[in-house]
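Right, one structure below, let's go through it.
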Amino acid sequence: MESARHVFRVLFLLLVVVVIFSVGRTFLVPKSYGAYGPYRFDNVAEQAAIRPPQHGGSASCGACHAERLKAVAAGAHRRVGCEVCHAPLARHVQDGARIAAMPVDRSFTLCARCHRRIEGRPAAFPQIVLAQHQGGVEGTACIDCHAPHSPKL
Amino acid sequence: MPEISGYAFPNDVHVHWSLMIVMYPYITGFVAGAFIVTALYHLFGKKEFEPVARLALATSFCFMAIATFPLNLHLGHAERAFNVVVTPHFSSAMAGFGLLYSGYFVILLLEVWFVYRREIIETARRSRGVKRVFYAALALGTYDTSPEALEIDHRAVKLLSAFGLPAACMLHGYVGFIFGGIKANPWWSTPLMPVIFLLSAAVSGIALLVLLYQVTAKLGRRPIERETVQAMARWLWFFLILTVTLELLEIVLLAYENSDAWHIISQLLTTRLEFSFISVQMIGGSLVPFILLAIVVTMNAYLHDRVRNTLASVASLLLLVQVFSMRWNVVIGGQLLSKSFRGLRSGYQPSLFGREGVIVAIALFVLPFVLLWVFDRVLPIEPAAAPSDPRHEPAAEPARRTA
């Protein structure tokens, strides 16, 4: 037994680690962990609190841009919300006051997100093959020819 | 613009599990693979592995130390990583990681300690000041190096290897399980996945040690033991055959069944993964090393030592690439299938810079070797002269034994 003293020391050390771990764990595991599953339930409310809504919906845009909204509502993009192409409302307006100009993405990639030809899209949906459309339009702005708020072509 | 082919869902075109998720099984693979080599010596008494047993243990330890880094880099919030250890549960394969990782790490730490105990004590006895305090603390204050105590160490190492081998297999098998358990993806969802991961881990571990052993021997001006290279080449060949058989079996079965998944997987393999699967994984990474190792194994008696070492090294280098491409093809390949199973998403190209970029991946691969160097400074990998070490006895036939 004398020659196995180091083994007992290791086992004792392991025991100490296990005890420290078990005690430490009670401090480390968040209180609401496991309330409804293996996650910290309080996090849901916390995230909701620190992330105020960024989008306001098209109606909120209409409060100032009624004419624009009317034009969009009459065209082919009537089901596309303003903030789908523009930035979220919170980047433009906060507490009812304009804080910055609305960013406008004029790149073709924005339009291509919906209108690039993909077999997965319904056949009747307007789609283009970028390399073939008007002899290749990749890199040019679609909105040079198409009106984004009421596209007709 | 992302390139999409076939009937792919338009809102689902990106690969989210990045290069870091490729690095994760690659690095854990070395942990398990290197441990298998140690176990071959400590547990199965394969004497020819003695010169690499300690190197393998140290390699396993150093790769284990950074095994979580790729995941942390991918997820961000490294400060939360400890949560997976304190809140283990069984409803998610990933959350079982806490149990497996900590369990295996304890076994590995203990094994390193028992293997190095005699040398820790001897260093403590030799040194003065802070160094002495450090090594005395490492020795846990007992300086017993009697033959009985050393015999107990020997038995403890054997016992720990006996627990460590299944633990290492589970640690890596579960990485495969994470993919194998995703039933929505036919390229992943197969019970073969944990086995394939484990066997390819053995391949990568042994291949790395073939290289590391020869490099460290050259750097330390030590002879390269002929039997060790032969034995490692033999085992490498064996694990390579098993791995590739299973990798092919999975595909051949899909093709023979001509299942609905095969239509898209055959496209995946011949278009997006044509280079990384067919050229790298199967031809350059499997067929070529298979032939090279076959020469080493079957024509052993006719080979000059230099030729054997070179063949084994080239094969090992190719196998390190093979295992990486296998991880790549599984992780990235699986994500290129659109959930429609009728089309393929755009291919994935890792960025060069950034948290999940190529440079970080290279740094991650280099880091364990830096740790290995530090490990060697603290606990010398090459054992100091010990009476039981056959290499320090007057060599009977040095010309036969050494290269």
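Ligands are numbered from 1 in the order shown, chains are lettered A, B, ... in the order of the structure tokens, and residues start at 1 in each chain.
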For a quick test of understanding: name the residues of chain B lying within 9 Å of chain A when counting only C-alpha atoms, and present them as a ChimeraX atom specification.
/B:1,4-11,83,86-89,91,106,110,139-150,152-153,156,340,343
Pull C-alpha atoms from the residues just selected and write them as a PDB file, in the first residue's frame.
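This is the output file selection.pdb:
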ATOM      1  CA  MET B   1     -23.700  35.394 -57.582  1.00  0.00           C
ATOM      2  CA  ILE B   4     -27.323  27.043 -58.222  1.00  0.00           C
ATOM      3  CA  SER B   5     -28.231  24.042 -60.314  1.00  0.00           C
ATOM      4  CA  GLY B   6     -31.386  22.032 -60.655  1.00  0.00           C
ATOM      5  CA  TYR B   7     -34.515  22.562 -58.609  1.00  0.00           C
ATOM      6  CA  ALA B   8     -33.086  24.253 -55.513  1.00  0.00           C
ATOM      7  CA  PHE B   9     -35.150  26.166 -53.005  1.00  0.00           C
ATOM      8  CA  PRO B  10     -34.420  29.840 -53.662  1.00  0.00           C
ATOM      9  CA  ASN B  11     -34.387  30.856 -50.010  1.00  0.00           C
ATOM     10  CA  ASN B  83     -21.650  25.777 -20.554  1.00  0.00           C
ATOM     11  CA  VAL B  86     -21.709  22.098 -16.995  1.00  0.00           C
ATOM     12  CA  THR B  87     -25.036  21.354 -18.652  1.00  0.00           C
ATOM     13  CA  PRO B  88     -24.682  17.994 -20.362  1.00  0.00           C
ATOM     14  CA  HIS B  89     -27.823  16.220 -21.497  1.00  0.00           C
ATOM     15  CA  SER B  91     -31.323  15.129 -26.127  1.00  0.00           C
ATOM     16  CA  VAL B 106      -9.240  13.344 -17.546  1.00  0.00           C
ATOM     17  CA  LEU B 110      -3.935  10.799 -15.900  1.00  0.00           C
ATOM     18  CA  ALA B 139       4.631  14.923  -8.757  1.00  0.00           C
ATOM     19  CA  LEU B 140       1.951  15.655  -6.133  1.00  0.00           C
ATOM     20  CA  GLY B 141       4.615  15.652  -3.467  1.00  0.00           C
ATOM     21  CA  THR B 142       5.366  11.922  -3.521  1.00  0.00           C
ATOM     22  CA  TYR B 143       8.842  10.973  -4.653  1.00  0.00           C
ATOM     23  CA  ASP B 144       8.355   7.229  -4.660  1.00  0.00           C
ATOM     24  CA  THR B 145      10.245   5.623  -7.536  1.00  0.00           C
ATOM     25  CA  SER B 146      10.622   2.194  -5.995  1.00  0.00           C
ATOM     26  CA  PRO B 147      10.180  -0.736  -8.376  1.00  0.00           C
ATOM     27  CA  GLU B 148       6.824  -1.484  -6.714  1.00  0.00           C
ATOM     28  CA  ALA B 149       5.594   2.058  -7.296  1.00  0.00           C
ATOM     29  CA  LEU B 150       6.769   1.956 -10.923  1.00  0.00           C
ATOM     30  CA  ILE B 152       1.820   0.279 -10.096  1.00  0.00           C
ATOM     31  CA  ASP B 153       2.359   3.116 -12.610  1.00  0.00           C
ATOM     32  CA  ALA B 156      -2.282   2.200 -14.093  1.00  0.00           C
ATOM     33  CA  SER B 340     -35.518  19.685 -52.252  1.00  0.00           C
ATOM     34  CA  GLY B 343     -30.850  20.649 -56.948  1.00  0.00           C
TER      35      GLY B 343
END
Which neighbours of B:His263 fall inside 12 Å, counting only C-alpha atoms, when residues of the same chain fewer than 2 positions from it are skipped, and could you give them as a CSV table (one decimal) with all heavy atoms, in the first residue's frame?
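Output below, filename selection.csv:
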chain,number,residue,atom,x,y,z
B,6,GLY,N,-30.2,22.9,-60.9
B,6,GLY,CA,-31.4,22.0,-60.7
B,6,GLY,C,-32.5,22.8,-59.9
B,6,GLY,O,-32.5,24.0,-59.8
B,186,PRO,N,-29.5,12.8,-46.8
B,186,PRO,CA,-29.1,11.4,-47.2
B,186,PRO,C,-27.6,11.3,-47.3
B,186,PRO,O,-27.2,10.1,-47.2
B,186,PRO,CB,-29.8,11.3,-48.5
B,186,PRO,CG,-30.1,12.6,-49.0
B,186,PRO,CD,-30.3,13.5,-47.8
B,187,TRP,N,-26.9,12.3,-47.5
B,187,TRP,CA,-25.4,12.2,-47.7
B,187,TRP,C,-24.8,12.0,-46.3
B,187,TRP,O,-23.7,11.5,-46.2
B,187,TRP,CB,-24.9,13.4,-48.3
B,187,TRP,CG,-23.4,13.5,-48.6
B,187,TRP,CD1,-22.5,14.5,-48.3
B,187,TRP,CD2,-22.6,12.5,-49.3
B,187,TRP,NE1,-21.3,14.2,-48.7
B,187,TRP,CE2,-21.3,12.9,-49.3
B,187,TRP,CE3,-22.9,11.2,-49.8
B,187,TRP,CZ2,-20.2,12.2,-49.9
B,187,TRP,CZ3,-21.8,10.5,-50.3
B,187,TRP,CH2,-20.5,11.0,-50.4
B,251,ILE,N,-21.4,4.5,-50.8
B,251,ILE,CA,-21.8,5.0,-52.1
B,251,ILE,C,-22.3,4.0,-53.0
B,251,ILE,O,-23.3,4.1,-53.7
B,251,ILE,CB,-20.6,5.8,-52.7
B,251,ILE,CG1,-20.3,7.0,-51.8
B,251,ILE,CG2,-20.9,6.2,-54.1
B,251,ILE,CD1,-18.9,7.6,-52.1
B,254,LEU,N,-25.8,3.0,-52.1
B,254,LEU,CA,-26.8,4.0,-52.6
B,254,LEU,C,-27.0,3.9,-54.1
B,254,LEU,O,-28.1,3.9,-54.6
B,254,LEU,CB,-26.2,5.4,-52.3
B,254,LEU,CG,-26.5,6.0,-51.0
B,254,LEU,CD1,-25.6,7.3,-50.8
B,254,LEU,CD2,-27.9,6.3,-50.7
B,255,ALA,N,-25.9,3.6,-54.8
B,255,ALA,CA,-26.0,3.5,-56.3
B,255,ALA,C,-26.7,2.3,-56.7
B,255,ALA,O,-27.5,2.3,-57.6
B,255,ALA,CB,-24.6,3.5,-56.9
B,256,TYR,N,-26.4,1.1,-56.0
B,256,TYR,CA,-27.1,-0.1,-56.3
B,256,TYR,C,-28.5,-0.1,-56.0
B,256,TYR,O,-29.4,-0.6,-56.8
B,256,TYR,CB,-26.4,-1.3,-55.5
B,256,TYR,CG,-27.0,-2.6,-55.9
B,256,TYR,CD1,-26.7,-3.2,-57.1
B,256,TYR,CD2,-27.8,-3.2,-55.0
B,256,TYR,CE1,-27.3,-4.4,-57.4
B,256,TYR,CE2,-28.4,-4.5,-55.2
B,256,TYR,CZ,-28.1,-5.1,-56.5
B,256,TYR,OH,-28.7,-6.3,-56.8
B,257,GLU,N,-28.9,0.5,-54.9
B,257,GLU,CA,-30.3,0.6,-54.5
B,257,GLU,C,-31.0,1.6,-55.5
B,257,GLU,O,-32.2,1.6,-55.6
B,257,GLU,CB,-30.4,1.2,-53.1
B,257,GLU,CG,-30.2,0.2,-52.0
B,257,GLU,CD,-30.3,0.9,-50.6
B,257,GLU,OE1,-30.3,2.1,-50.6
B,257,GLU,OE2,-30.4,0.1,-49.6
B,258,ASN,N,-30.2,2.4,-56.1
B,258,ASN,CA,-30.7,3.5,-57.0
B,258,ASN,C,-31.8,4.3,-56.3
B,258,ASN,O,-32.9,4.5,-56.9
B,258,ASN,CB,-31.2,2.8,-58.3
B,258,ASN,CG,-31.2,3.8,-59.5
B,258,ASN,OD1,-30.7,4.9,-59.3
B,258,ASN,ND2,-31.7,3.5,-60.6
B,259,SER,N,-31.6,4.6,-55.1
B,259,SER,CA,-32.6,5.2,-54.3
B,259,SER,C,-32.8,6.7,-54.8
B,259,SER,O,-32.0,7.2,-55.6
B,259,SER,CB,-32.2,5.3,-52.8
B,259,SER,OG,-30.9,5.9,-52.7
B,260,ASP,N,-33.9,7.3,-54.3
B,260,ASP,CA,-34.1,8.7,-54.8
B,260,ASP,C,-33.0,9.6,-54.4
B,260,ASP,O,-32.7,10.6,-55.1
B,260,ASP,CB,-35.5,9.2,-54.3
B,260,ASP,CG,-35.8,8.8,-52.9
B,260,ASP,OD1,-34.9,8.1,-52.3
B,260,ASP,OD2,-36.8,9.2,-52.4
B,261,ALA,N,-32.3,9.3,-53.3
B,261,ALA,CA,-31.2,10.2,-52.9
B,261,ALA,C,-30.0,10.1,-53.8
B,261,ALA,O,-29.3,11.0,-54.0
B,261,ALA,CB,-30.8,9.8,-51.4
B,265,ILE,N,-27.1,12.7,-55.1
B,265,ILE,CA,-25.8,12.4,-54.6
B,265,ILE,C,-24.8,12.2,-55.8
B,265,ILE,O,-23.7,12.6,-55.8
B,265,ILE,CB,-25.8,11.3,-53.6
B,265,ILE,CG1,-26.4,11.9,-52.3
B,265,ILE,CG2,-24.4,10.8,-53.2
B,265,ILE,CD1,-26.7,10.8,-51.2
B,266,SER,N,-25.3,11.4,-56.8
B,266,SER,CA,-24.4,11.2,-57.9
B,266,SER,C,-24.1,12.5,-58.6
B,266,SER,O,-23.0,12.7,-59.1
B,266,SER,CB,-25.1,10.2,-58.9
B,266,SER,OG,-26.3,10.7,-59.3
B,267,GLN,N,-25.1,13.4,-58.7
B,267,GLN,CA,-24.8,14.7,-59.3
B,267,GLN,C,-23.8,15.5,-58.4
B,267,GLN,O,-22.9,16.1,-59.0
B,267,GLN,CB,-26.1,15.5,-59.3
B,267,GLN,CG,-26.8,15.5,-60.6
B,267,GLN,CD,-28.0,16.5,-60.5
B,267,GLN,OE1,-27.8,17.6,-60.2
B,267,GLN,NE2,-29.2,15.9,-60.7
B,268,LEU,N,-24.0,15.4,-57.1
B,268,LEU,CA,-23.1,16.1,-56.2
B,268,LEU,C,-21.6,15.6,-56.4
B,268,LEU,O,-20.7,16.4,-56.5
B,268,LEU,CB,-23.5,15.8,-54.7
B,268,LEU,CG,-22.7,16.4,-53.6
B,268,LEU,CD1,-22.8,17.9,-53.5
B,268,LEU,CD2,-23.0,15.7,-52.3
B,269,LEU,N,-21.5,14.3,-56.5
B,269,LEU,CA,-20.1,13.7,-56.5
B,269,LEU,C,-19.5,14.0,-57.9
B,269,LEU,O,-18.2,14.1,-57.9
B,269,LEU,CB,-20.2,12.2,-56.3
B,269,LEU,CG,-20.6,11.8,-54.9
B,269,LEU,CD1,-20.6,10.3,-54.8
B,269,LEU,CD2,-19.8,12.4,-53.8
B,270,THR,N,-20.3,14.1,-58.9
B,270,THR,CA,-19.7,14.3,-60.2
B,270,THR,C,-19.6,15.8,-60.6
B,270,THR,O,-18.9,16.1,-61.6
B,270,THR,CB,-20.4,13.5,-61.3
B,270,THR,OG1,-21.8,13.9,-61.2
B,270,THR,CG2,-20.2,12.1,-61.2
B,337,LEU,N,-26.4,19.9,-50.9
B,337,LEU,CA,-27.7,19.4,-51.4
B,337,LEU,C,-28.8,20.4,-51.0
B,337,LEU,O,-28.9,20.7,-49.8
B,337,LEU,CB,-28.0,18.1,-50.7
B,337,LEU,CG,-27.0,16.9,-50.8
B,337,LEU,CD1,-27.5,15.8,-50.0
B,337,LEU,CD2,-26.9,16.5,-52.2
B,340,SER,N,-34.6,20.3,-51.3
B,340,SER,CA,-35.5,19.7,-52.3
B,340,SER,C,-35.0,18.3,-52.7
B,340,SER,O,-35.8,17.5,-53.3
B,340,SER,CB,-35.7,20.6,-53.4
B,340,SER,OG,-34.4,20.8,-54.1
B,341,PHE,N,-33.7,18.1,-52.6
B,341,PHE,CA,-33.0,16.9,-53.2
B,341,PHE,C,-33.1,16.8,-54.7
B,341,PHE,O,-33.0,15.8,-55.3
B,341,PHE,CB,-33.5,15.6,-52.5
B,341,PHE,CG,-33.3,15.5,-51.1
B,341,PHE,CD1,-34.2,14.9,-50.3
B,341,PHE,CD2,-32.2,16.1,-50.5
B,341,PHE,CE1,-34.1,14.8,-48.9
B,341,PHE,CE2,-32.0,16.1,-49.1
B,341,PHE,CZ,-33.0,15.4,-48.3
B,342,ARG,N,-33.4,18.0,-55.3
B,342,ARG,CA,-33.5,18.0,-56.8
B,342,ARG,C,-32.5,18.9,-57.3
B,342,ARG,O,-32.4,19.1,-58.5
B,342,ARG,CB,-34.9,18.5,-57.2
B,342,ARG,CG,-36.0,17.7,-56.6
B,342,ARG,CD,-36.6,16.7,-57.6
B,342,ARG,NE,-37.7,16.0,-57.0
B,342,ARG,CZ,-39.0,16.3,-57.1
B,342,ARG,NH1,-39.3,17.3,-57.9
B,342,ARG,NH2,-39.9,15.6,-56.5
B,343,GLY,N,-31.8,19.7,-56.4
B,343,GLY,CA,-30.8,20.6,-56.9
B,343,GLY,C,-29.7,20.8,-56.0
B,343,GLY,O,-29.7,20.3,-54.9
B,344,LEU,N,-28.7,21.5,-56.4
B,344,LEU,CA,-27.5,21.8,-55.6
B,344,LEU,C,-27.3,23.2,-55.3
B,344,LEU,O,-27.6,24.1,-56.2
B,344,LEU,CB,-26.3,21.2,-56.3
B,344,LEU,CG,-26.3,19.8,-56.6
B,344,LEU,CD1,-25.1,19.4,-57.5
B,344,LEU,CD2,-26.2,19.0,-55.3
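Atom CA of B:Arg126 to atom CA of B:Tyr41 spans 29.5 Å [interatomic distance, one decimal].
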Residues of stretch 92-335 of chain B in alpha helix (DSSP H), written as a PyMOL selection string
chain B and resi 97-126+129-138+147-180+192-219+226-257+260-270+288-298+305-335
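With only C-alpha atoms taken into account, the protein and nucleic acid residues at most 12 Å from A:Ala147 (excluding it and anything under 5 positions from it in its own chain) are Arg68, Ala71, Val72, Gly75, Ala76, His77, Arg106, Cys111, Ala141, Cys142, Lys152 and Leu153 of chain A.
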Closest to A:Ser150 among A:Gly56, A:Val80, A:Cys61, A:Ala66, using only C-alpha atoms?
A:Val80
Quick one: pull the distance between atom CA of A:Pro148 and atom CA of A:Arg98, Å, one decimal.
23.0 Å
When you look at stretch 47-55 of chain B with a cut-off of 10 Å (counting only C-alpha atoms), what residues show up, excluding the ones that are within fewer than 6 positions of it in the same chain? I need them as a PyMOL selection string.
chain B and resi 34-41+61+112+115-116+209-210+212-214+216-217+224-232+372+376+380-383+389-391
